[in-house]
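Colleague: Input file: final.cif. Contents: mmCIF, C-alpha atoms.
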data_coords
#
loop_
_atom_site.label_atom_id
_atom_site.label_comp_id
_atom_site.auth_asym_id
_atom_site.auth_seq_id
_atom_site.Cartn_x
_atom_site.Cartn_y
_atom_site.Cartn_z
CA MET A 1 -17.51 -21.03 1.35
CA THR A 2 -20.48 -18.74 1.68
CA GLN A 3 -20.55 -14.98 2.13
CA ASN A 4 -21.83 -15.62 5.64
CA SER A 5 -18.80 -17.67 6.61
CA ARG A 6 -16.57 -15.01 5.06
CA GLU A 7 -18.16 -12.33 7.23
CA LYS A 8 -17.88 -14.44 10.38
CA PHE A 9 -14.26 -15.09 9.61
CA ARG A 10 -13.60 -11.42 8.91
CA ARG A 11 -15.19 -10.49 12.24
CA THR A 12 -12.72 -12.80 13.95
CA LEU A 13 -9.78 -11.27 12.10
CA ASP A 14 -11.06 -7.76 12.80
CA ARG A 15 -10.39 -8.35 16.48
CA LEU A 16 -6.71 -8.40 15.67
CA GLU A 17 -5.20 -5.12 16.88
CA ILE A 18 -3.44 -3.34 14.07
CA PRO A 19 -0.38 -1.31 15.07
CA VAL A 20 -0.52 2.42 14.42
CA PRO A 21 1.69 3.52 11.50
CA SER A 22 4.65 5.81 12.25
CA ALA A 23 3.76 9.38 13.27
CA ASN A 24 4.91 10.94 10.03
CA PHE A 25 3.69 8.14 7.77
CA GLU A 26 0.97 10.20 6.07
CA ASN A 27 3.45 13.07 5.63
CA LYS A 28 5.85 10.68 3.93
CA LEU A 29 3.08 9.60 1.57
CA HIS A 30 2.32 13.23 0.82
CA GLN A 31 6.00 13.97 0.18
CA ASP A 32 6.03 11.04 -2.25
CA TRP A 33 3.08 12.64 -4.04
CA GLN A 34 4.97 15.95 -4.22
CA ALA A 35 8.05 14.18 -5.59
CA PHE A 36 5.88 12.37 -8.14
CA MET A 37 4.28 15.64 -9.28
CA ALA A 38 7.67 17.36 -9.54
CA GLN A 39 9.06 14.44 -11.54
CA ARG A 40 6.01 14.36 -13.82
CA ASP A 41 6.17 18.09 -14.54
CA LYS A 42 9.90 17.98 -15.17
CA PRO A 43 10.75 18.36 -18.91
CA SER A 44 12.24 15.32 -20.56
CA HIS A 45 15.09 17.09 -22.45
CA ALA A 46 17.16 20.29 -22.44
CA TRP A 47 15.09 22.24 -24.99
CA SER A 48 11.91 21.56 -23.02
CA ASP A 49 13.79 22.82 -19.98
CA VAL A 50 14.37 26.13 -21.75
CA LEU A 51 10.73 26.34 -22.81
CA ALA A 52 9.60 25.59 -19.29
CA LEU A 53 11.87 28.36 -17.94
CA VAL A 54 10.52 30.77 -20.54
CA GLY A 55 7.03 29.89 -19.44
CA THR A 56 7.75 30.50 -15.79
CA HIS A 57 9.92 33.66 -16.14
CA ARG A 58 8.14 35.62 -18.87
CA LYS A 59 9.27 39.14 -17.79
CA LEU A 60 12.90 38.12 -17.43
CA THR A 61 12.79 36.42 -20.82
CA LEU A 62 11.35 39.58 -22.40
CA LEU A 63 14.05 41.73 -20.81
CA LEU A 64 16.87 39.42 -21.91
CA THR A 65 15.46 39.20 -25.45
CA SER A 66 15.24 43.05 -25.67
CA ILE A 67 18.83 43.44 -24.42
CA ALA A 68 20.06 40.88 -26.95
CA LEU A 69 18.16 42.64 -29.76
CA ILE A 70 19.47 46.15 -28.88
CA ALA A 71 23.02 44.80 -28.52
CA SER A 72 22.76 43.16 -31.95
CA VAL A 73 21.53 46.39 -33.58
CA LEU A 74 24.31 48.45 -31.96
CA LEU A 75 26.95 45.93 -32.93
CA ALA A 76 25.68 45.81 -36.53
CA GLN A 77 25.67 49.60 -36.68
CA LYS A 78 29.20 49.79 -35.32
CA LEU A 79 30.43 47.19 -37.78
CA TYR A 80 28.76 49.07 -40.64
CA LEU A 81 30.32 52.42 -39.58
CA ASP A 82 33.74 50.83 -39.06
CA GLN A 83 33.52 49.33 -42.54
CA GLU A 84 32.64 52.75 -44.03
CA GLU A 85 35.56 54.36 -42.21
CA ASP A 86 37.92 51.67 -43.48
CA LEU A 87 36.76 52.32 -47.05
CA ASN A 88 37.33 56.05 -46.58
CA ASN A 89 40.83 55.33 -45.28
CA VAL A 90 41.54 53.13 -48.28
CA ASP A 91 40.31 55.93 -50.57
CA VAL A 92 42.55 58.50 -48.85
CA MET A 93 45.55 56.16 -49.04
CA SER A 94 44.89 55.52 -52.71
CA GLU A 95 44.70 59.26 -53.45
CA LEU A 96 47.90 59.84 -51.50
CA SER A 97 49.65 57.11 -53.42
CA LEU A 98 48.49 58.48 -56.74
CA SER A 99 49.64 62.01 -55.84
CA THR A 100 53.05 60.68 -54.82
CA ILE A 101 53.44 58.99 -58.16
CA MET B 1 -24.95 0.04 -8.23
CA SER B 2 -26.95 2.48 -6.09
CA LEU B 3 -27.08 6.18 -6.87
CA PHE B 4 -25.13 6.91 -3.68
CA SER B 5 -22.36 4.45 -4.59
CA SER B 6 -22.19 5.83 -8.10
CA LYS B 7 -21.84 9.40 -6.79
CA GLN B 8 -19.25 8.27 -4.25
CA TYR B 9 -17.20 6.53 -6.97
CA GLN B 10 -17.33 9.63 -9.15
CA PHE B 11 -16.37 11.82 -6.21
CA GLU B 12 -13.32 9.61 -5.60
CA ARG B 13 -12.43 9.68 -9.30
CA ASP B 14 -12.67 13.49 -9.33
CA LEU B 15 -10.60 13.68 -6.16
CA LEU B 16 -7.91 11.56 -7.78
CA ARG B 17 -7.97 13.74 -10.89
CA CYS B 18 -7.62 16.88 -8.76
CA ALA B 19 -4.65 15.33 -6.97
CA LEU B 20 -3.01 14.59 -10.31
CA ALA B 21 -3.70 18.13 -11.45
CA GLY B 22 -1.56 19.29 -8.52
CA ASP B 23 -4.19 19.86 -5.83
CA SER B 24 -2.36 19.23 -2.57
CA GLN B 25 -5.54 19.06 -0.47
CA ALA B 26 -7.02 16.41 -2.76
CA SER B 27 -3.88 14.30 -2.49
CA LYS B 28 -4.01 14.58 1.33
CA GLU B 29 -7.66 13.57 1.26
CA ILE B 30 -6.88 10.46 -0.81
CA ILE B 31 -4.03 9.54 1.52
CA ARG B 32 -6.35 9.95 4.54
CA LEU B 33 -9.00 7.84 2.81
CA LEU B 34 -6.80 4.97 1.63
CA SER B 35 -3.79 4.68 3.87
CA PRO B 36 -5.43 3.29 7.06
CA PRO B 37 -7.23 0.35 5.38
CA ALA B 38 -4.27 -0.29 3.06
CA PHE B 39 -1.88 -0.33 6.00
CA SER B 40 -4.18 -2.71 7.90
CA LEU B 41 -4.35 -5.08 4.95
CA ALA B 42 -0.59 -4.97 4.38
CA TRP B 43 0.10 -5.53 8.06
CA ARG B 44 -2.30 -8.47 8.21
CA MET B 45 -0.60 -9.99 5.17
CA LEU B 46 2.99 -9.30 6.16
CA GLY B 47 2.88 -9.20 9.96
CA SER B 48 5.49 -6.44 10.08
CA LYS B 49 4.88 -2.72 10.57
CA GLU B 50 7.98 -1.63 8.62
CA ASP B 51 7.22 -3.92 5.68
CA ALA B 52 3.59 -2.80 5.68
CA GLU B 53 4.62 0.86 5.59
CA ASP B 54 7.09 0.23 2.75
CA VAL B 55 4.47 -1.61 0.75
CA VAL B 56 1.82 1.09 1.24
CA GLN B 57 4.32 3.76 0.24
CA GLU B 58 5.14 1.90 -2.96
CA ALA B 59 1.45 1.23 -3.58
CA PHE B 60 0.67 4.96 -3.44
CA ILE B 61 3.42 5.70 -5.96
CA ARG B 62 1.85 3.09 -8.25
CA LEU B 63 -1.58 4.61 -7.66
CA TRP B 64 -0.41 8.06 -8.78
CA ARG B 65 1.22 6.52 -11.84
CA SER B 66 -1.78 4.46 -12.84
CA ALA B 67 -4.48 6.90 -11.75
CA ASP B 68 -5.69 7.49 -15.32
CA SER B 69 -6.94 3.93 -15.48
CA PHE B 70 -9.30 4.43 -12.53
CA LEU B 71 -12.64 5.12 -14.21
CA GLY B 72 -14.76 5.55 -11.09
CA LYS B 73 -16.78 2.38 -11.62
CA SER B 74 -15.87 0.99 -8.22
CA LYS B 75 -14.60 2.29 -4.90
CA LEU B 76 -11.11 3.70 -5.08
CA LEU B 77 -10.20 1.31 -2.27
CA THR B 78 -11.33 -1.64 -4.40
CA TYR B 79 -8.96 -0.39 -7.10
CA PHE B 80 -6.17 0.17 -4.57
CA TYR B 81 -6.35 -3.14 -2.67
CA PRO B 82 -4.99 -5.32 -5.52
CA ILE B 83 -2.02 -2.94 -5.89
CA VAL B 84 -1.28 -3.41 -2.18
CA SER B 85 -1.80 -7.16 -2.20
CA ASN B 86 0.38 -7.68 -5.27
CA LEU B 87 3.18 -5.74 -3.62
CA CYS B 88 2.70 -7.80 -0.44
CA LEU B 89 2.97 -10.92 -2.54
CA ASP B 90 6.25 -9.71 -4.05
CA ARG B 91 7.54 -8.87 -0.58
CA LEU B 92 6.53 -12.26 0.80
CA LYS B 93 8.21 -14.05 -2.08
CA ALA B 94 11.38 -12.03 -1.55
CA ASN B 95 11.38 -12.50 2.23
CA SER B 96 10.26 -16.10 2.35
CA ARG B 97 13.06 -18.20 3.80
CA VAL B 98 11.40 -21.39 2.66
CA GLY B 99 10.18 -21.41 -0.94
CA PHE B 100 6.98 -19.45 -1.24
CA ASP B 101 5.72 -21.79 -3.91
CA GLU B 102 5.98 -24.89 -1.75
CA PHE B 103 2.52 -26.15 -1.05
CA ASP B 104 1.65 -29.30 0.89
CA GLU B 105 -1.01 -30.68 -1.41
CA GLY B 106 -0.23 -34.30 -0.55
CA ILE B 107 -3.63 -35.12 0.85
CA HIS B 108 -6.72 -33.44 -0.50
CA LEU B 109 -9.03 -32.58 2.35
CA VAL B 110 -12.78 -32.64 2.06
CA ILE B 111 -13.78 -29.02 2.24
CA ASP B 112 -16.35 -28.40 4.91
CA GLU B 113 -17.92 -25.24 6.29
CA LEU B 114 -15.90 -23.94 9.25
CA ASP B 115 -17.70 -22.04 11.97
CA PHE B 116 -15.83 -19.21 13.65
CA ASP B 117 -18.70 -18.16 15.91
CA GLN B 118 -17.32 -19.67 19.09
CA ASN B 119 -14.30 -17.39 19.08
CA GLU B 120 -15.99 -14.28 20.44
CA LEU B 121 -13.83 -14.11 23.57
CA ILE B 122 -10.50 -14.67 21.90
CA ASP B 123 -8.17 -11.69 22.17
CA SER B 124 -5.99 -9.99 19.59
CA GLY B 125 -2.77 -11.64 20.79
CA ALA B 126 -4.18 -15.12 20.31
CA ILE B 127 -5.39 -14.28 16.82
CA GLY B 128 -1.96 -12.84 15.99
CA LYS B 129 -0.22 -16.00 17.20
CA ALA B 130 -2.65 -18.17 15.27
CA LEU B 131 -1.99 -16.16 12.12
CA ASP B 132 1.76 -16.58 12.62
CA THR B 133 1.34 -20.34 12.30
CA LEU B 134 0.12 -19.94 8.71
CA SER B 135 2.49 -20.15 5.78
CA ALA B 136 3.08 -16.94 3.82
CA LYS B 137 0.91 -18.26 1.01
CA GLN B 138 -1.92 -19.27 3.34
CA ARG B 139 -1.85 -15.90 5.06
CA MET B 140 -1.92 -14.09 1.76
CA ALA B 141 -4.79 -16.17 0.38
CA ILE B 142 -6.90 -15.88 3.50
CA MET B 143 -6.56 -12.07 3.57
CA MET B 144 -7.45 -11.74 -0.10
CA TRP B 145 -10.46 -13.94 0.48
CA ALA B 146 -11.61 -12.21 3.65
CA TYR B 147 -10.91 -8.55 2.88
CA GLN B 148 -11.04 -8.27 -0.88
CA ASP B 149 -14.02 -10.60 -1.35
CA GLN B 150 -12.02 -12.49 -3.94
CA THR B 151 -13.07 -15.88 -5.20
CA ALA B 152 -10.72 -18.87 -5.20
CA GLN B 153 -10.34 -18.42 -8.94
CA GLN B 154 -9.32 -14.76 -8.60
CA ILE B 155 -6.87 -15.59 -5.82
CA GLY B 156 -5.50 -18.35 -8.01
CA VAL B 157 -4.72 -15.87 -10.79
CA THR B 158 -2.70 -13.72 -8.40
CA LEU B 159 -0.92 -16.63 -6.72
CA GLY B 160 -0.43 -18.67 -9.88
CA MET B 161 -2.53 -21.62 -8.72
CA ASN B 162 -5.64 -23.36 -9.95
CA LYS B 163 -9.00 -22.96 -8.24
CA ASN B 164 -8.97 -26.37 -6.51
CA SER B 165 -5.53 -25.73 -5.04
CA VAL B 166 -6.68 -22.36 -3.73
CA ASP B 167 -9.77 -23.98 -2.18
CA GLN B 168 -7.46 -26.44 -0.45
CA LEU B 169 -5.09 -23.68 0.60
CA LEU B 170 -7.91 -21.60 2.09
CA TYR B 171 -9.46 -24.57 3.81
CA ARG B 172 -6.15 -25.63 5.37
CA ALA B 173 -5.49 -22.08 6.49
CA LYS B 174 -8.90 -21.76 8.12
CA LEU B 175 -8.63 -25.19 9.71
CA LYS B 176 -5.22 -24.31 11.12
CA LEU B 177 -6.50 -21.02 12.49
CA LYS B 178 -9.55 -22.63 14.01
CA THR B 179 -7.43 -25.33 15.65
CA GLU B 180 -4.99 -22.76 17.01
CA LEU B 181 -7.78 -20.57 18.35
CA GLU B 182 -9.55 -23.48 19.99
CA ARG B 183 -6.40 -24.27 21.94
CA VAL B 184 -6.59 -20.92 23.71
#
Transcribe the structure of this file into structure tokens.
Modeller:
Amino acid sequence: MTQNSREKFRRTLDRLEIPVPSANFENKLHQDWQAFMAQRDKPSHAWSDVLALVGTHRKLTLLLTSIALIASVLLAQKLYLDQEEDLNNVDVMSELSLSTI
Amino acid sequence: MSLFSSKQYQFERDLLRCALAGDSQASKEIIRLLSPPAFSLAWRMLGSKEDAEDVVQEAFIRLWRSADSFLGKSKLLTYFYPIVSNLCLDRLKANSRVGFDEFDEGIHLVIDELDFDQNELIDSGAIGKALDTLSAKQRMAIMMWAYQDQTAQQIGVTLGMNKNSVDQLLYRAKLKLKTELERV
């Protein structure tokens, strides 16, 4: 089976009219590409999800981190002051008790 | 490989890389480049528009997945055709009412050169009808031979047959087509 006979045969087959694919066929193929890209870029586990979100929303992440940090400092300060006040109260109570005795 | 071919192959490889890097235009360009010939091949193999579209869709998904293995040493279409034909083969095996693997090898024919020159006036409908008389395996083999320039040995690897059986299969297919077309 020579190359020549292959070409002759192909010429015969080329006369076969090929139907036109559906109107939106190429769009479908492009949507498949988009889905493939979205799937490929999707993180494989929850922690990667978080990292990906951090990467895409940098300003929001910075804001949330600052709020969390300030809240922690204020809470720590309040706890420290409350503790000091409690100690003072204990001292006062102790003095009162002693004077009663 | 000529300088032009080499540049063309590299251009196609770069286009594929751009598509995989998220370039929407590059992906559209690849789809425009590959989908018409892939659809034609799938339709010629399967004879059904819906099946051909399904197969080409699946073939593109496989192309995106396996794109890293395309090194730009051949045309992208040459890389893509086997993906399409393998999927057609799977589809034919799944759809085949009679066993796809059945092959009438009872009598070995003496393989002779078949001339298709006299069929210049035959129209598309007659060729379509003639193709419909082929078995799924014959149709598959003849398309791989004609459009992918595959040798009998290469076709045999895909179809799970030895070279001599493929030669017989191709010869019978061509003989059948020639006979059918001469009846017109």
Colleague: Hey, what's within 7 Å of range 46-58 of chain B if we count all atoms listed in the file and toss same-chain stuff fewer than 2 positions away? As a list in words, please?
Modeller: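 Surrounding residues, per the criterion: Leu29 of chain A; Ala38, Phe39, Ala42, Trp43, Arg44, Phe60, Ile61, Arg62, Val84, Leu87 and Cys88 of chain B.
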Colleague: Quick one: apply the PyMOL selection byres ((chain A) within 9 of (chain B)) to the file and drop the selected residues here as an MDAnalysis selection string.
Modeller: chainID A and resid 1:3 5:22 25:30 32:34 36:37
Colleague: Show which residues sit within 12 Å of Thr158 in chain B, as a VMD selection string. Count all atoms listed in the file, and ignore same-chain residues fewer than 6 positions away.
Modeller: chain B and resid 82 to 83 85 to 90 137 140 to 141 144 to 145 150 to 152 166
Colleague: To one decimal place, how far is CA of Ser69 in chain B from CA of Asp49 in chain A in Å?
Modeller: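 These two atoms are separated by 28.4 Å.
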Colleague: Taking (-5.3, 5.4, -8.3) as a centre in this file's frame and 7 Å as the limit, can you find every polymer residue with an atom that close, using all atoms listed in the file, and give them as a list in words?
Modeller: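 The residues near that point, listed by chain and number, are Leu16, Leu63, Trp64, Ser66, Ala67, Phe70, Leu76, Tyr79 and Phe80 of chain B.
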Colleague: Distance CA of Ser99 in chain A-CA of Glu85 in chain A, one decimal place?
Modeller: 21.0 Å
Colleague: Could you jot down the CA of Arg17 in chain B to CA of Gly72 in chain B separation for me, Å, one decimal place?
Modeller: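 Between CA of Arg17 in chain B and CA of Gly72 in chain B the gap works out to 10.6 Å.
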Colleague: Could you give me the centre and size, in Å to one decimal, of an axis-aligned box around all listed atoms of range 81-96 of chain B with 3 Å added on every side, as lines of an AutoDock Vina configuration file?
Modeller:
center_x = 2.5
center_y = -9.5
center_z = -1.8
size_x = 23.7
size_y = 19.2
size_z = 14.2
